[in-house]
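So this block is run_22.pdb, PDB, C-alpha atoms and all ligand atoms:
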MODEL        1
ATOM      1  CA  MET A   1     117.421  72.805 122.903
ATOM      2  CA  PRO A   2     114.450  73.684 120.673
ATOM      3  CA  THR A   3     114.566  73.445 116.892
ATOM      4  CA  TYR A   4     113.256  76.335 114.801
ATOM      5  CA  THR A   5     112.381  76.153 111.112
ATOM      6  CA  LEU A   6     112.301  79.316 109.053
ATOM      7  CA  SER A   7     113.030  80.574 105.565
ATOM      8  CA  VAL A   8     116.268  82.499 105.097
ATOM      9  CA  ASN A   9     116.802  84.134 101.717
ATOM     10  CA  GLY A  10     114.309  81.753 100.168
ATOM     11  CA  LYS A  11     115.808  78.596 101.635
ATOM     12  CA  ARG A  12     114.113  76.578 104.354
ATOM     13  CA  VAL A  13     116.467  76.021 107.279
ATOM     14  CA  SER A  14     116.215  74.398 110.704
ATOM     15  CA  VAL A  15     118.398  75.471 113.596
ATOM     16  CA  ASP A  16     118.856  74.216 117.143
ATOM     17  CA  ALA A  17     119.139  77.259 119.358
ATOM     18  CA  PRO A  18     118.055  78.616 122.735
ATOM     19  CA  ALA A  19     114.743  80.458 122.473
ATOM     20  CA  ASP A  20     116.337  83.752 123.444
ATOM     21  CA  MET A  21     119.261  83.589 121.014
ATOM     22  CA  PRO A  22     119.113  86.738 118.853
ATOM     23  CA  LEU A  23     118.449  86.123 115.178
ATOM     24  CA  LEU A  24     121.725  87.913 114.358
ATOM     25  CA  TRP A  25     123.671  85.209 116.185
ATOM     26  CA  VAL A  26     121.714  82.510 114.357
ATOM     27  CA  LEU A  27     122.427  84.116 111.001
ATOM     28  CA  ARG A  28     126.107  84.823 111.542
ATOM     29  CA  ASP A  29     127.271  82.031 113.846
ATOM     30  CA  LEU A  30     124.978  79.109 113.012
ATOM     31  CA  LEU A  31     124.212  79.751 109.343
ATOM     32  CA  GLY A  32     127.361  81.610 108.233
ATOM     33  CA  ILE A  33     125.395  84.525 106.788
ATOM     34  CA  THR A  34     127.625  87.490 107.576
ATOM     35  CA  GLY A  35     126.057  90.320 105.556
ATOM     36  CA  PRO A  36     124.140  91.601 108.600
ATOM     37  CA  LYS A  37     126.841  93.244 110.696
ATOM     38  CA  TYR A  38     127.244  93.352 114.466
ATOM     39  CA  GLY A  39     127.668  96.852 115.785
ATOM     40  CA  CYS A  40     125.952  97.524 119.083
ATOM     41  CA  GLY A  41     123.811  94.492 119.841
ATOM     42  CA  VAL A  42     121.045  96.639 121.320
ATOM     43  CA  GLY A  43     119.065  97.793 118.275
ATOM     44  CA  ALA A  44     120.697 101.218 118.075
ATOM     45  CA  CYS A  45     123.298 101.278 115.265
ATOM     46  CA  ARG A  46     121.212  99.264 112.793
ATOM     47  CA  ALA A  47     124.245  97.703 111.121
ATOM     48  CA  CYS A  48     122.409  94.376 111.302
ATOM     49  CA  THR A  49     119.193  95.580 109.585
ATOM     50  CA  SER A  50     117.424  92.817 107.677
ATOM     51  CA  HIS A  51     113.799  91.973 106.847
ATOM     52  CA  LEU A  52     111.341  89.673 108.634
ATOM     53  CA  ASN A  53     108.306  88.843 106.530
ATOM     54  CA  GLY A  54     109.230  91.828 104.358
ATOM     55  CA  ALA A  55     109.485  94.403 107.146
ATOM     56  CA  GLU A  56     112.648  95.971 108.523
ATOM     57  CA  ILE A  57     114.024  94.491 111.726
ATOM     58  CA  GLN A  58     117.198  94.647 113.756
ATOM     59  CA  PRO A  59     118.030  90.954 114.228
ATOM     60  CA  CYS A  60     120.314  91.651 117.198
ATOM     61  CA  VAL A  61     117.174  92.300 119.273
ATOM     62  CA  VAL A  62     114.803  89.720 117.732
ATOM     63  CA  PRO A  63     114.934  86.304 119.426
ATOM     64  CA  ILE A  64     114.928  83.248 117.201
ATOM     65  CA  SER A  65     111.715  82.130 118.931
ATOM     66  CA  ASP A  66     109.934  85.049 117.200
ATOM     67  CA  CYS A  67     111.122  83.886 113.764
ATOM     68  CA  ALA A  68     109.717  80.368 113.578
ATOM     69  CA  ASN A  69     107.989  79.694 110.256
ATOM     70  CA  LYS A  70     108.703  83.240 109.050
ATOM     71  CA  GLN A  71     110.716  84.621 106.148
ATOM     72  CA  VAL A  72     114.031  86.302 106.831
ATOM     73  CA  THR A  73     115.822  88.270 104.131
ATOM     74  CA  THR A  74     119.363  89.537 104.544
ATOM     75  CA  ILE A  75     121.472  91.574 102.133
ATOM     76  CA  GLU A  76     122.551  88.260 100.571
ATOM     77  CA  GLY A  77     118.954  87.603  99.499
ATOM     78  CA  LEU A  78     117.948  91.064  98.289
ATOM     79  CA  ALA A  79     118.878  90.622  94.634
ATOM     80  CA  ALA A  80     116.364  88.663  92.575
ATOM     81  CA  GLY A  81     118.323  85.958  90.790
ATOM     82  CA  GLY A  82     121.117  87.694  88.918
ATOM     83  CA  THR A  83     119.470  91.117  89.005
ATOM     84  CA  LEU A  84     120.438  93.621  91.640
ATOM     85  CA  HIS A  85     117.678  95.289  93.637
ATOM     86  CA  PRO A  86     117.203  98.903  92.413
ATOM     87  CA  VAL A  87     118.654 100.130  95.702
ATOM     88  CA  GLN A  88     121.807  98.059  95.190
ATOM     89  CA  GLN A  89     122.142  99.324  91.623
ATOM     90  CA  ALA A  90     121.733 102.938  92.738
ATOM     91  CA  TRP A  91     124.287 102.368  95.520
ATOM     92  CA  LEU A  92     126.820 101.305  92.903
ATOM     93  CA  GLU A  93     126.052 104.209  90.588
ATOM     94  CA  GLU A  94     126.284 106.757  93.411
ATOM     95  CA  ASP A  95     129.435 105.085  94.807
ATOM     96  CA  VAL A  96     127.936 105.248  98.316
ATOM     97  CA  PRO A  97     130.175 103.094 100.546
ATOM     98  CA  GLN A  98     133.391 104.116 102.217
ATOM     99  CA  CYS A  99     134.567 101.454 104.694
ATOM    100  CA  GLY A 100     131.387  99.512 103.920
ATOM    101  CA  TYR A 101     130.657  98.187 107.404
ATOM    102  CA  CYS A 102     127.255  99.856 107.787
ATOM    103  CA  GLN A 103     126.240  99.452 104.160
ATOM    104  CA  PRO A 104     124.306  96.140 104.199
ATOM    105  CA  GLY A 105     122.110  97.600 106.912
ATOM    106  CA  GLN A 106     121.771 100.906 105.079
ATOM    107  CA  ILE A 107     120.691  99.145 101.877
ATOM    108  CA  MET A 108     118.172  96.937 103.695
ATOM    109  CA  ALA A 109     116.734  99.982 105.478
ATOM    110  CA  ALA A 110     116.473 101.851 102.169
ATOM    111  CA  ALA A 111     114.788  98.895 100.471
ATOM    112  CA  ALA A 112     112.264  98.693 103.315
ATOM    113  CA  LEU A 113     111.597 102.434 103.062
ATOM    114  CA  LEU A 114     110.912 102.211  99.314
ATOM    115  CA  LYS A 115     108.580  99.306  99.929
ATOM    116  CA  ARG A 116     106.574 101.486 102.323
ATOM    117  CA  THR A 117     106.844 104.686 100.272
ATOM    118  CA  SER A 118     107.731 104.629  96.600
ATOM    119  CA  ARG A 119     108.708 108.343  96.492
ATOM    120  CA  PRO A 120     110.116 109.166  99.925
ATOM    121  CA  SER A 121     110.599 112.786 100.972
ATOM    122  CA  ASP A 122     113.889 114.110 102.328
ATOM    123  CA  ALA A 123     112.356 113.972 105.804
ATOM    124  CA  GLU A 124     111.416 110.312 105.342
ATOM    125  CA  ILE A 125     114.929 109.501 104.123
ATOM    126  CA  ASP A 126     116.475 111.445 106.992
ATOM    127  CA  ALA A 127     114.294 109.445 109.422
ATOM    128  CA  ILE A 128     116.399 106.348 108.645
ATOM    129  CA  GLN A 129     118.350 105.864 111.856
ATOM    130  CA  ASN A 130     121.187 103.675 110.574
ATOM    131  CA  VAL A 131     124.517 105.024 111.753
ATOM    132  CA  CYS A 132     127.399 105.571 109.313
ATOM    133  CA  ARG A 133     130.678 106.475 110.985
ATOM    134  CA  CYS A 134     132.114 107.389 107.580
ATOM    135  CA  GLY A 135     129.394 109.969 106.986
ATOM    136  CA  THR A 136     128.008 108.749 103.674
ATOM    137  CA  TYR A 137     124.580 110.224 104.373
ATOM    138  CA  CYS A 138     124.505 112.617 101.405
ATOM    139  CA  ARG A 139     125.256 109.837  98.949
ATOM    140  CA  ILE A 140     122.751 107.557 100.680
ATOM    141  CA  ARG A 141     120.086 110.189 100.102
ATOM    142  CA  SER A 142     121.066 110.529  96.435
ATOM    143  CA  ALA A 143     121.038 106.778  95.919
ATOM    144  CA  ILE A 144     117.615 106.360  97.508
ATOM    145  CA  LYS A 145     116.228 109.090  95.244
ATOM    146  CA  LYS A 146     117.789 107.422  92.218
ATOM    147  CA  ALA A 147     116.362 104.030  93.210
ATOM    148  CA  ALA A 148     112.942 105.610  93.707
ATOM    149  CA  THR A 149     112.867 106.770  90.089
ATOM    150  CA  SER A 150     114.275 103.603  88.516
TER     151      SER A 150
HETATM  152  S1  LIG B 201     124.000  95.431 115.911
HETATM  153 FE1  LIG B 201     121.873  95.405 115.579
HETATM  154  S2  LIG B 201     121.277  97.481 115.782
HETATM  155 FE2  LIG B 201     123.413  97.512 116.271
HETATM  156  S1  LIG B 202     130.614 103.342 105.135
HETATM  157 FE1  LIG B 202     131.892 103.183 106.908
HETATM  158  S2  LIG B 202     130.475 103.133 108.571
HETATM  159 FE2  LIG B 202     129.248 103.586 106.840
ENDMDL
END
Encoded form using structure tokens:
Amino acid sequence: MPTYTLSVNGKRVSVDAPADMPLLWVLRDLLGITGPKYGCGVGACRACTSHLNGAEIQPCVVPISDCANKQVTTIEGLAAGGTLHPVQQAWLEEDVPQCGYCQPGQIMAAAALLKRTSRPSDAEIDAIQNVCRCGTYCRIRSAIKKAATS
């Protein structure tokens, strides 16, 4: 079985895994990083959303072989030291989550959006495709706007 070395939340790790094992399985089952959630496994629900080299990905559809020598960031690695990311802080202030299951993915998608566009429009926020069965979309929009001005 091949060995892959990558950086996960700033730490260099090596994993033995089949080339086609999805990154989500590597994170959750091999590394014990459970912030990225499993929802659909086919890139649709976006509960697993994380970042690869700073860009949004859905790790359920990214094979580990595409991650060698790259930087993966999950919700566990979003805060810088003891300081929450502005999106996380806004999420707290707007009291966004209900059940919470989709929220790591929502926050990672929002952080990626603000990296691409510092003042996103309503249309750009609404283009986020992460599914929330609890219907927290209005508060997500408010929190993203708050984070954009912080
Ligand atoms: S579990 Fe990855 S997009 Fe649904
Ligand atoms: S907060 Fe429950 S699915 Fe989004």
Open item on the list: When you look at stretch 99-106 of chain A with a cut-off of 7 Å (counting all atoms listed in the file), what residues show up, excluding the ones that are within fewer than 3 positions of it in the same chain? I need them as JSON, numbers by chain.
Closed with: {"A": [35, 36, 46, 47, 48, 49, 50, 75, 109, 110, 130, 132]}
- [ ] Would you translate the PyMOL selection byres (((chain A and resi 16-30) around 10) and not hetatm) into the concrete set of residues it matches in this file, as a PyMOL selection string?
- [x] chain A and resi 1-5+8+14-15+31-38+41+48-50+58-67+72+74
- [ ] Please evaluate the PyMOL selection byres (((chain A and resi 55) around 10) and not hetatm) against the structure above and give the resulting residues as a PyMOL selection string.
- [x] chain A and resi 50-54+56-57+71-73+108-109+111-113+115-116
Task: Contacts of stretch 147-150 of chain A within 7 Å, all atoms listed in the file, excl. fewer than 6 positions in-chain, as a ChimeraX atom specification - done: /A:86-87,90,114,118-119
Padding of 8 Å on every side, edges along x, y and z, all listed atoms of ligand LIG 202 (chain B) included: what centre and edge lengths in Å, to one decimal, does that box have, as JSON?
{"center_x": 130.6, "center_y": 103.4, "center_z": 106.9, "size_x": 18.6, "size_y": 16.5, "size_z": 19.4}
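Nearest residue to A:Cys138 among A:Gly77, A:Gly82, A:Gly43, A:Pro97 is A:Pro97, counting only C-alpha atoms.
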- [ ] Go ahead and compute the interatomic distance for atom CA of A:Ile125 and atom CA of A:Gly81, in Å to one decimal.
- [x] 27.3 Å
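You can rank A:Ala80, A:Ser121, A:Asn9, A:Cys45 by their closest distance to ligand LIG 202 (chain B) using only C-alpha atoms and all ligand atoms, and at the top of that list sits A:Cys45.
Taking atom CA of A:Leu84 and atom S1 of ligand LIG 202 (chain B) as endpoints, the distance between them is 19.5 Å.
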- [ ] Return the single residue from A:Ala68, A:Ala123, A:Val96, A:Val131 that is closest to ligand LIG 201 (chain B), with distances computed using all atoms listed in the file.
- [x] A:Val131
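For the pair atom CA of A:Asp122 and atom CA of A:Arg141, the separation is 7.7 Å.
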TODO: Measuring atom to atom with all atoms listed in the file, identify which of A:Ile140, A:Cys40, A:Leu6, A:Ile128 is nearest to ligand LIG 201 (chain B).
DONE: A:Cys40
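Counting all atoms listed in the file and comparing A:Leu92, A:Cys134, A:Ile107, A:Val42, the residue that lies closest to ligand LIG 201 (chain B) is A:Val42.
Counting all atoms listed in the file and comparing A:Gly10, A:Ala44, A:Gly39, A:Lys146, the residue that lies closest to ligand LIG 202 (chain B) is A:Gly39.
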